[in-house]
Amino acid sequence: MDVLPNEFLRTDFGHEIYDEWYLGSASYNFDPPAFVERHFPFYEKALSLSKDDKILEAGCGTGSYARAFARRGYPVIGMDLSPNFLAEAEKITQRQNLEIEFILGDYNKMGFEEEFSVIFFEGSFFYQSKEGLVSLLKRIHTALTPKGKVYFVHSNPSTRKQQFPMVDWSEIQENVFVLQKAEWDEGNQGERGTWLKIDLRTQQHYRCDFFNQHLRPDALKNCLVAAGFMDFHFYKKRRLEDFHPENDDGFSVVATK
């Protein structure tokens, strides 16, 4: 297809059009059970989990990690801004005879106060600016009980930017195309992406634009301190060894209130 349409309707996470594509063609972004189970011993050790913990999985998607917590007897709540993802999460959870509360909400706007002893992100920790990150971390700090912990995975920008530019063009149905493209924004230290859906059958075309910042480890540490976290550790991604910024592609962070 040589010429793109001139007019696009807007879409994003939580919108039926975008989520329908994500749950189908992009479902590889949801970690499969085998991947979750393989890394769970790391989570238990790094977070010193106990059955007395109350856990929030923020940005839970279809709930793979929430179900892993629940299967082991940990009290857990799943939170996501997409009602479509949560509907799928509830369907799978019921099929597996598990009981998990799922709540609709944007973790960037969470208003909990000393509600959870663990707040857990896995592949869902996104922010668009340093100021936005500090604001999110402050909300997390407020939501944690005393000595509560937050866990998240973060990309190493020195290696992450080597993955760009990225372009993918696919025909998801006959005469329905999706274009994904992303490039590294050096000035803002992050990835800038565009998602387009071209439907030649209905002439209804959609567009989603996004930006995700990836701060360097030292800058991220400063943000944690600014939000009130003084006790934190940077691990290799999902491993108990220490993170090495010169050669690791990402890292896992555990910060204690």
# chains A, B, ... in the order shown; residues from 1 in each chain; ligands from 1
call {"tool": "residues_around", "arguments": {"residues": "Val153 of chain A", "least_positions_apart": "5", "cutoff": "12 Å", "atoms": "only C-alpha atoms", "output": "ChimeraX atom specification"}}
result
/A:43,120-126,214,217,220,233-239,243,249-255
call {"tool": "residues_around", "arguments": {"residues": "Asp53 of chain A", "least_positions_apart": "4", "cutoff": "7 Å", "atoms": "only C-alpha atoms", "output": "VMD selection string"}}
result
chain A and resid 49 74 to 75 117 to 118
call {"tool": "write_last_selection", "arguments": {"atoms": "C-alpha atoms", "output": "compact mmCIF listing (two decimals), in the first residue's frame"}}
result
# COMPACT_ATOMS: atom_id res chain seq x y z
CA LEU A 49 6.73 -12.20 50.30
CA TYR A 74 -1.19 -14.38 48.32
CA PRO A 75 -4.04 -11.85 48.58
CA SER A 117 2.21 -3.93 51.35
CA VAL A 118 3.37 -4.74 47.81
call {"tool": "atom_distance", "arguments": {"atom1": "atom CA of Glu113 of chain A", "atom2": "atom CA of Leu137 of chain A"}}
result
13.1 Å
call {"tool": "residues_around", "arguments": {"residues": "segment 167-179 of chain A", "least_positions_apart": "5", "cutoff": "8 Å", "atoms": "only C-alpha atoms", "output": "ChimeraX atom specification"}}
result
/A:25,194-201
call {"tool": "atom_distance", "arguments": {"atom1": "atom CA of Arg72 of chain A", "atom2": "atom CA of Lys138 of chain A"}}
result
29.4 Å
call {"tool": "residues_around", "arguments": {"residues": "segment 10-16 of chain A", "least_positions_apart": "4", "cutoff": "9 Å", "atoms": "only C-alpha atoms", "output": "MDAnalysis selection string"}}
result
chainID A and resid 20:22 80:85 205:210
call {"tool": "write_last_selection", "arguments": {"atoms": "C-alpha atoms", "output": "PDB file, in the first residue's frame"}}
result
ATOM      1  CA  GLU A  20      -9.315  -5.791  20.037  1.00  0.00           C
ATOM      2  CA  TRP A  21      -6.085  -5.722  18.032  1.00  0.00           C
ATOM      3  CA  TYR A  22      -3.935  -6.006  21.160  1.00  0.00           C
ATOM      4  CA  ASP A  80      -5.806  -1.898  34.681  1.00  0.00           C
ATOM      5  CA  LEU A  81      -7.172   1.022  32.673  1.00  0.00           C
ATOM      6  CA  SER A  82      -8.577  -1.254  29.954  1.00  0.00           C
ATOM      7  CA  PRO A  83     -12.041  -2.702  30.616  1.00  0.00           C
ATOM      8  CA  ASN A  84     -11.431  -5.064  27.701  1.00  0.00           C
ATOM      9  CA  PHE A  85      -8.267  -6.501  29.266  1.00  0.00           C
ATOM     10  CA  HIS A 205      -8.967   4.287   9.982  1.00  0.00           C
ATOM     11  CA  TYR A 206      -7.416   4.680  13.449  1.00  0.00           C
ATOM     12  CA  ARG A 207      -4.250   6.112  14.937  1.00  0.00           C
ATOM     13  CA  CYS A 208      -2.514   5.853  18.313  1.00  0.00           C
ATOM     14  CA  ASP A 209       0.596   7.896  19.215  1.00  0.00           C
ATOM     15  CA  PHE A 210       2.627   7.275  22.355  1.00  0.00           C
TER      16      PHE A 210
END
call {"tool": "residues_around", "arguments": {"residues": "segment 95-100 of chain A", "least_positions_apart": "2", "cutoff": "7 Å", "atoms": "only C-alpha atoms", "output": "PyMOL selection string"}}
result
chain A and resi 76-77+91-93+102
call {"tool": "write_last_selection", "arguments": {"atoms": "C-alpha atoms", "output": "mmCIF file, in the first residue's frame"}}
result
data_model
loop_
_atom_site.group_PDB
_atom_site.id
_atom_site.type_symbol
_atom_site.label_atom_id
_atom_site.label_comp_id
_atom_site.auth_asym_id
_atom_site.auth_seq_id
_atom_site.Cartn_x
_atom_site.Cartn_y
_atom_site.Cartn_z
ATOM 1 C CA VAL A 76 -3.929 -9.843 45.333
ATOM 2 C CA ILE A 77 -5.928 -7.219 43.453
ATOM 3 C CA LYS A 91 -12.949 -14.796 32.173
ATOM 4 C CA ILE A 92 -9.648 -16.677 32.502
ATOM 5 C CA THR A 93 -9.649 -16.353 36.304
ATOM 6 C CA PHE A 102 -10.029 -6.688 39.405
#
call {"tool": "select_by_dssp", "arguments": {"residues": "segment 205-250 of chain A", "states": "alpha helix (DSSP H)", "output": "list in words"}}
result
Pro217, Asp218, Ala219, Leu220, Lys221, Asn222, Cys223, Leu224, Val225 and Ala226 of chain A
call {"tool": "write_last_selection", "arguments": {"atoms": "C-alpha atoms", "output": "PDB file, in the first residue's frame"}}
result
ATOM      1  CA  PRO A 217      19.728   4.438  36.361  1.00  0.00           C
ATOM      2  CA  ASP A 218      21.215   7.408  38.256  1.00  0.00           C
ATOM      3  CA  ALA A 219      18.334   9.675  37.200  1.00  0.00           C
ATOM      4  CA  LEU A 220      15.849   6.978  38.204  1.00  0.00           C
ATOM      5  CA  LYS A 221      17.465   6.725  41.648  1.00  0.00           C
ATOM      6  CA  ASN A 222      17.055  10.492  42.067  1.00  0.00           C
ATOM      7  CA  CYS A 223      13.352  10.150  41.248  1.00  0.00           C
ATOM      8  CA  LEU A 224      12.933   7.403  43.848  1.00  0.00           C
ATOM      9  CA  VAL A 225      14.560   9.623  46.488  1.00  0.00           C
ATOM     10  CA  ALA A 226      12.414  12.611  45.466  1.00  0.00           C
TER      11      ALA A 226
END
call {"tool": "closest_residue", "arguments": {"among": "A:Gln203, A:His244, A:Lys130, A:Cys60", "to": "Leu4 of chain A", "atoms": "only C-alpha atoms"}}
result
A:Gln203
call {"tool": "select_by_dssp", "arguments": {"residues": "segment 134-244 of chain A", "states": "strand (DSSP E)", "output": "PyMOL selection string"}}
result
chain A and resi 144-155+166-173+176-185+190-199+206-213+231-236
call {"tool": "atom_distance", "arguments": {"atom1": "atom CA of Met79 of chain A", "atom2": "atom CA of Gly61 of chain A"}}
result
7.9 Å
call {"tool": "closest_residue", "arguments": {"among": "A:Lys181, A:Tyr151, A:Arg160, A:Phe112", "to": "Ser48 of chain A", "atoms": "only C-alpha atoms"}}
result
A:Tyr151
